[in-house]
$ cat model_23.cif   # mmCIF, C-alpha atoms
data_work
#
loop_
_atom_site.label_atom_id
_atom_site.label_comp_id
_atom_site.auth_asym_id
_atom_site.auth_seq_id
_atom_site.Cartn_x
_atom_site.Cartn_y
_atom_site.Cartn_z
CA MET G 14 -20.26 -6.96 -3.34
CA ASN G 15 -19.81 -8.20 0.18
CA ASP G 16 -19.78 -5.61 2.88
CA PRO G 17 -16.48 -3.79 2.33
CA LEU G 18 -15.66 -3.60 6.02
CA ALA G 19 -16.30 -7.35 6.31
CA ARG G 20 -13.64 -7.85 3.65
CA VAL G 21 -11.32 -5.58 5.57
CA ALA G 22 -12.01 -7.44 8.81
CA ALA G 23 -11.20 -10.79 7.22
CA ALA G 24 -7.98 -9.68 5.54
CA ARG G 25 -4.72 -10.80 7.14
CA VAL G 26 -2.60 -7.96 5.84
CA GLY G 27 -3.14 -4.37 4.74
CA ARG G 28 -0.98 -1.44 3.73
CA LEU G 29 -0.85 1.86 5.60
CA ALA G 30 0.12 5.07 3.85
CA THR G 31 1.08 8.18 5.75
CA VAL G 32 2.69 11.45 4.71
CA ASP G 33 5.78 13.09 6.13
CA LYS G 34 6.21 16.73 6.98
CA ARG G 35 7.70 17.38 3.53
CA GLY G 36 4.57 15.96 1.87
CA GLU G 37 6.13 12.66 0.81
CA PRO G 38 4.09 9.46 1.00
CA HIS G 39 5.26 6.40 2.90
CA ILE G 40 3.79 2.89 2.87
CA VAL G 41 4.22 -0.04 5.21
CA PRO G 42 2.50 -3.41 5.32
CA ILE G 43 0.44 -3.87 8.49
CA VAL G 44 -1.35 -6.54 10.38
CA PHE G 45 -4.42 -4.99 11.88
CA ALA G 46 -7.79 -5.57 13.53
CA LEU G 47 -11.09 -3.74 13.55
CA ASP G 48 -12.16 -2.09 16.79
CA GLY G 49 -15.72 -1.27 15.88
CA ASN G 50 -15.06 0.26 12.51
CA ARG G 51 -11.66 1.71 13.39
CA ILE G 52 -8.60 0.04 11.98
CA VAL G 53 -6.03 -0.61 14.69
CA THR G 54 -2.48 -1.79 14.27
CA ALA G 55 0.48 -1.73 16.62
CA VAL G 56 4.19 -1.33 16.56
CA ASP G 57 5.68 -4.72 17.24
CA HIS G 58 7.58 -5.93 20.26
CA LYS G 59 10.78 -6.51 18.31
CA PRO G 60 13.57 -3.95 18.25
CA LYS G 61 12.63 -1.56 15.50
CA ARG G 62 14.79 -0.01 12.90
CA THR G 63 14.52 3.68 12.31
CA THR G 64 12.50 3.13 9.15
CA ASP G 65 9.81 1.32 11.12
CA LEU G 66 9.17 4.37 13.21
CA LYS G 67 8.80 6.77 10.34
CA ARG G 68 5.07 6.02 10.33
CA LEU G 69 4.87 7.47 13.85
CA ARG G 70 6.84 10.56 12.95
CA ASN G 71 4.60 11.03 9.95
CA ILE G 72 1.39 10.68 11.94
CA ALA G 73 2.65 13.26 14.42
CA ALA G 74 3.17 15.67 11.51
CA ASN G 75 0.14 14.78 9.36
CA HIS G 76 -2.99 13.23 10.84
CA ARG G 77 -4.27 11.57 7.68
CA ALA G 78 -3.88 7.96 6.64
CA SER G 79 -4.97 5.67 3.86
CA VAL G 80 -5.29 1.92 4.42
CA LEU G 81 -5.66 -0.50 1.55
CA VAL G 82 -6.77 -4.11 1.61
CA ASP G 83 -6.71 -5.83 -1.74
CA HIS G 84 -6.96 -9.22 -3.36
CA TYR G 85 -4.72 -10.14 -6.27
CA ASP G 86 -5.48 -13.06 -8.55
CA GLU G 87 -4.09 -13.97 -11.94
CA ASP G 88 -7.70 -14.08 -13.07
CA TRP G 89 -8.24 -10.34 -13.11
CA SER G 90 -11.99 -10.79 -12.99
CA HIS G 91 -11.46 -11.72 -9.33
CA LEU G 92 -9.62 -8.59 -8.30
CA TRP G 93 -11.01 -6.41 -5.54
CA TRP G 94 -9.83 -3.79 -3.11
CA VAL G 95 -11.16 -1.71 -0.27
CA ARG G 96 -9.57 1.54 0.83
CA VAL G 97 -10.20 3.31 4.11
CA ASP G 98 -9.20 6.96 4.35
CA GLY G 99 -9.40 9.09 7.40
CA PRO G 100 -7.75 10.65 10.42
CA VAL G 101 -5.14 8.62 12.22
CA GLU G 102 -3.90 8.84 15.75
CA ILE G 103 -1.30 7.28 18.01
CA VAL G 104 -2.57 5.66 21.20
CA THR G 105 0.06 4.85 23.80
CA ALA G 106 -1.98 3.67 26.80
CA GLY G 107 -5.46 3.37 28.28
CA PRO G 108 -8.60 1.36 27.53
CA GLU G 109 -8.43 1.97 23.78
CA PHE G 110 -4.83 0.82 23.71
CA ASP G 111 -5.66 -2.30 25.74
CA ALA G 112 -8.63 -3.11 23.50
CA ALA G 113 -6.51 -2.80 20.36
CA ILE G 114 -3.80 -5.10 21.70
CA ALA G 115 -6.44 -7.65 22.75
CA LEU G 116 -8.12 -7.52 19.34
CA LEU G 117 -4.81 -7.99 17.57
CA ALA G 118 -3.93 -10.97 19.76
CA ALA G 119 -7.39 -12.45 19.16
CA LYS G 120 -7.00 -12.15 15.40
CA TYR G 121 -3.35 -13.22 15.14
CA PRO G 122 -2.18 -16.31 17.05
CA GLN G 123 1.34 -15.07 16.27
CA TYR G 124 0.76 -12.27 18.78
CA ARG G 125 -0.55 -14.42 21.59
CA GLU G 126 2.76 -15.38 23.14
CA GLN G 127 4.25 -11.93 22.67
CA PRO G 128 1.64 -9.24 22.19
CA PRO G 129 2.86 -6.11 20.45
CA GLN G 130 4.11 -3.46 22.84
CA GLY G 131 2.77 -0.60 20.79
CA PRO G 132 2.12 2.21 20.44
CA VAL G 133 -1.18 1.57 18.67
CA VAL G 134 -2.04 3.38 15.46
CA ALA G 135 -5.80 3.87 14.94
CA VAL G 136 -7.44 4.97 11.69
CA THR G 137 -11.02 6.25 11.71
CA PRO G 138 -12.80 5.44 8.43
CA GLU G 139 -14.05 8.77 7.22
CA ARG G 140 -14.35 7.38 3.68
CA VAL G 141 -14.55 3.74 2.59
CA THR G 142 -14.03 3.12 -1.12
CA ALA G 143 -14.53 -0.34 -2.58
CA TRP G 144 -13.93 -1.71 -6.04
CA GLU G 145 -14.22 -5.10 -7.61
CA ALA G 146 -13.80 -6.39 -11.15
CA GLU G 147 -16.91 -7.67 -12.84
CA MET P 25 18.64 -11.03 1.31
CA ASN P 26 18.05 -11.39 -2.40
CA ASP P 27 18.52 -8.30 -4.47
CA PRO P 28 15.58 -6.09 -3.45
CA LEU P 29 14.87 -4.95 -7.00
CA ALA P 30 14.85 -8.58 -8.14
CA ARG P 31 12.11 -9.17 -5.59
CA VAL P 32 10.25 -6.16 -6.92
CA ALA P 33 10.66 -7.35 -10.51
CA ALA P 34 9.22 -10.77 -9.68
CA ALA P 35 6.22 -9.49 -7.73
CA ARG P 36 2.85 -9.61 -9.47
CA VAL P 37 1.24 -6.79 -7.53
CA GLY P 38 2.39 -3.71 -5.67
CA ARG P 39 0.80 -0.71 -4.00
CA LEU P 40 1.30 2.87 -5.07
CA ALA P 41 0.88 5.73 -2.63
CA THR P 42 0.55 9.32 -3.76
CA VAL P 43 -0.44 12.51 -1.96
CA ASP P 44 -3.15 14.96 -2.92
CA LYS P 45 -2.90 18.71 -2.89
CA ARG P 46 -4.32 18.83 0.63
CA GLY P 47 -1.53 16.53 1.84
CA GLU P 48 -3.70 13.43 2.16
CA PRO P 49 -2.28 10.03 1.23
CA HIS P 50 -3.95 7.74 -1.30
CA ILE P 51 -3.13 4.09 -2.09
CA VAL P 52 -4.04 1.89 -5.02
CA PRO P 53 -2.95 -1.61 -5.91
CA ILE P 54 -0.95 -1.72 -9.12
CA VAL P 55 0.37 -4.19 -11.61
CA PHE P 56 3.71 -2.92 -12.80
CA ALA P 57 6.93 -3.73 -14.60
CA LEU P 58 10.52 -2.56 -14.28
CA ASP P 59 11.91 -0.45 -17.09
CA GLY P 60 15.56 -0.50 -16.12
CA ASN P 61 15.12 0.31 -12.46
CA ARG P 62 12.07 2.52 -12.94
CA ILE P 63 8.71 1.17 -11.86
CA VAL P 64 6.12 1.62 -14.59
CA THR P 65 2.40 1.04 -14.36
CA ALA P 66 -0.46 2.15 -16.58
CA VAL P 67 -4.03 3.20 -16.32
CA ASP P 68 -6.12 0.38 -17.71
CA HIS P 69 -8.15 0.29 -20.87
CA LYS P 70 -11.43 -0.10 -19.03
CA PRO P 71 -13.69 2.86 -18.30
CA LYS P 72 -12.37 4.32 -15.11
CA ARG P 73 -14.27 5.59 -12.17
CA THR P 74 -13.36 8.93 -10.74
CA THR P 75 -11.51 7.31 -7.88
CA ASP P 76 -9.16 5.58 -10.31
CA LEU P 77 -7.99 8.86 -11.68
CA LYS P 78 -7.21 10.41 -8.35
CA ARG P 79 -3.70 9.01 -8.61
CA LEU P 80 -3.17 11.15 -11.73
CA ARG P 81 -4.56 14.28 -10.10
CA ASN P 82 -2.31 13.62 -7.12
CA ILE P 83 0.82 13.15 -9.23
CA ALA P 84 0.10 16.41 -11.02
CA ALA P 85 -0.03 18.16 -7.65
CA ASN P 86 2.74 16.28 -5.81
CA HIS P 87 5.56 14.55 -7.68
CA ARG P 88 6.46 12.03 -5.00
CA ALA P 89 5.39 8.41 -4.78
CA SER P 90 6.00 5.39 -2.62
CA VAL P 91 5.65 1.88 -4.01
CA LEU P 92 5.51 -1.16 -1.76
CA VAL P 93 5.96 -4.81 -2.64
CA ASP P 94 5.52 -7.20 0.24
CA HIS P 95 5.12 -10.84 1.06
CA TYR P 96 2.68 -11.97 3.74
CA ASP P 97 2.86 -15.41 5.29
CA GLU P 98 1.25 -16.77 8.44
CA ASP P 99 4.76 -17.79 9.44
CA TRP P 100 5.94 -14.33 10.30
CA SER P 101 9.58 -15.42 10.00
CA HIS P 102 8.96 -15.39 6.24
CA LEU P 103 7.74 -11.81 5.97
CA TRP P 104 9.57 -9.37 3.74
CA TRP P 105 8.93 -6.11 1.97
CA VAL P 106 10.67 -3.72 -0.37
CA ARG P 107 9.71 -0.08 -0.68
CA VAL P 108 10.72 2.24 -3.49
CA ASP P 109 10.41 5.98 -2.89
CA GLY P 110 11.07 8.67 -5.40
CA PRO P 111 9.76 11.12 -7.94
CA VAL P 112 6.86 10.05 -10.10
CA GLU P 113 5.74 11.31 -13.47
CA ILE P 114 2.95 10.77 -15.95
CA VAL P 115 3.96 9.70 -19.44
CA THR P 116 1.29 9.97 -22.10
CA ALA P 117 3.14 9.17 -25.34
CA GLY P 118 6.56 8.58 -26.90
CA PRO P 119 9.26 5.92 -26.68
CA GLU P 120 9.12 5.68 -22.90
CA PHE P 121 5.37 5.22 -23.03
CA ASP P 122 5.66 2.54 -25.71
CA ALA P 123 8.39 0.73 -23.78
CA ALA P 124 6.30 0.70 -20.62
CA ILE P 125 3.25 -0.71 -22.37
CA ALA P 126 5.40 -3.39 -24.03
CA LEU P 127 7.01 -4.35 -20.71
CA LEU P 128 3.62 -4.59 -19.02
CA ALA P 129 2.27 -6.79 -21.80
CA ALA P 130 5.40 -8.96 -21.61
CA LYS P 131 4.99 -9.47 -17.87
CA TYR P 132 1.20 -9.90 -17.78
CA PRO P 133 -0.47 -12.21 -20.30
CA GLN P 134 -3.72 -10.57 -19.19
CA TYR P 135 -2.60 -7.43 -21.04
CA ARG P 136 -1.65 -9.11 -24.29
CA GLU P 137 -5.05 -9.05 -25.92
CA GLN P 138 -5.90 -5.61 -24.65
CA PRO P 139 -2.86 -3.60 -23.64
CA PRO P 140 -3.52 -0.76 -21.22
CA GLN P 141 -4.24 2.54 -22.91
CA GLY P 142 -2.42 4.57 -20.32
CA PRO P 143 -1.28 7.05 -19.36
CA VAL P 144 1.81 5.47 -17.86
CA VAL P 145 2.93 6.33 -14.36
CA ALA P 146 6.69 6.00 -13.82
CA VAL P 147 8.45 6.04 -10.45
CA THR P 148 12.21 6.62 -10.26
CA PRO P 149 13.75 4.78 -7.28
CA GLU P 150 15.55 7.47 -5.39
CA ARG P 151 15.52 5.29 -2.26
CA VAL P 152 15.04 1.52 -2.00
CA THR P 153 14.34 0.19 1.48
CA ALA P 154 14.18 -3.53 2.12
CA TRP P 155 13.27 -5.50 5.21
CA GLU P 156 12.90 -9.14 6.00
CA ALA P 157 12.18 -11.11 9.14
CA GLU P 158 14.98 -13.32 10.41
#

$ encode --input "model_23.cif" --output "structure tokens"
Amino acid sequence: MNDPLARVAAARVGRLATVDKRGEPHIVPIVFALDGNRIVTAVDHKPKRTTDLKRLRNIAANHRASVLVDHYDEDWSHLWWVRVDGPVEIVTAGPEFDAAIALLAAKYPQYREQPPQGPVVAVTPERVTAWEAE
Amino acid sequence: MNDPLARVAAARVGRLATVDKRGEPHIVPIVFALDGNRIVTAVDHKPKRTTDLKRLRNIAANHRASVLVDHYDEDWSHLWWVRVDGPVEIVTAGPEFDAAIALLAAKYPQYREQPPQGPVVAVTPERVTAWEAE
């Protein structure tokens, strides 16, 4: 298959799973960019509901994340997915924060007028698992 | 918004997050159907790789799941998602198993010639969270 991280880089949306302090999983859709091989995403500029911040509470309690990028097609011979598992951290300021915001704005024109305010969430790919149908 | 579970019912693909015994999250894309308000999905008939069975090992160790259905659009005013969180169980045989396989085959023509062999994974929606952009 194509380079899995190239597929991740090209995807417009992914899903981020984290775990809360009780051990319960939580998923949110994310827009994201690659900073090197790290996956970076950011909390938006819009007023957030409590549920949107649960990912941050979870990451503070459990430093592991799973990010999935997948392709669905009614022709199931075209299905593929790439999963990135690894440690996750919250970045609130500094060069890494600035780089992530710039990469997100470069990838998504939607962010150019109003870049996300953050914080940034960064996942380091300890394990990359890729699958595709024959 | 529309009834969140109606949106879930109509979606062709979702993502299932589970947690392993070490507390690490894991996501896979799923095709699924609604059996009443339970989300049912099944392990496919094809030979599975080890990674595909991790969801079953996780469910045996941690009975919580999170299922996400979302809609991505480059016009971010059209974004929406629905998340279903709750207990998850593995069903290997019996009326509930048969019903799940029949519902999956009814929803997905791709399953009609070769229904999934299972086991079935069933998530009970203890909490349904829905969001949509304005």

$ resolve_selection --input "model_23.cif" --expression "the PyMOL selection byres ((chain G) within 7 of (chain P))" --output "ChimeraX atom specification"
/G:26,30-32,36-40,77-79,81,85

$ atom_distance --input "model_23.cif" --atom1 "atom CA of Gly60 of chain P" --atom2 "atom CA of Ala146 of chain P"
11.2 Å

$ atom_distance --input "model_23.cif" --atom1 "atom CA of Leu128 of chain P" --atom2 "atom CA of Thr116 of chain P"
15.1 Å

$ atom_distance --input "model_23.cif" --atom1 "atom CA of Gly142 of chain P" --atom2 "atom CA of Pro119 of chain P"
13.4 Å

$ resolve_selection --input "model_23.cif" --expression "the PyMOL selection byres ((chain G and resi 138) around 7)" --output "ChimeraX atom specification"
/G:50-51,97-99,136-137,139-141

$ residues_around --input "model_23.cif" --residues "Val104 of chain G" --least-positions-apart "5" --cutoff "9 Å" --atoms "all atoms listed in the file" --output "PDB file with C-alpha atoms, in the coordinates of the input"
ATOM      1  CA  GLU G 109      -8.430   1.970  23.780  1.00  0.00           C
ATOM      2  CA  PHE G 110      -4.830   0.820  23.710  1.00  0.00           C
ATOM      3  CA  GLY G 131       2.770  -0.600  20.790  1.00  0.00           C
ATOM      4  CA  PRO G 132       2.120   2.210  20.440  1.00  0.00           C
ATOM      5  CA  VAL G 133      -1.180   1.570  18.670  1.00  0.00           C
ATOM      6  CA  VAL G 134      -2.040   3.380  15.460  1.00  0.00           C
ATOM      7  CA  ALA G 135      -5.800   3.870  14.940  1.00  0.00           C
TER       8      ALA G 135
END
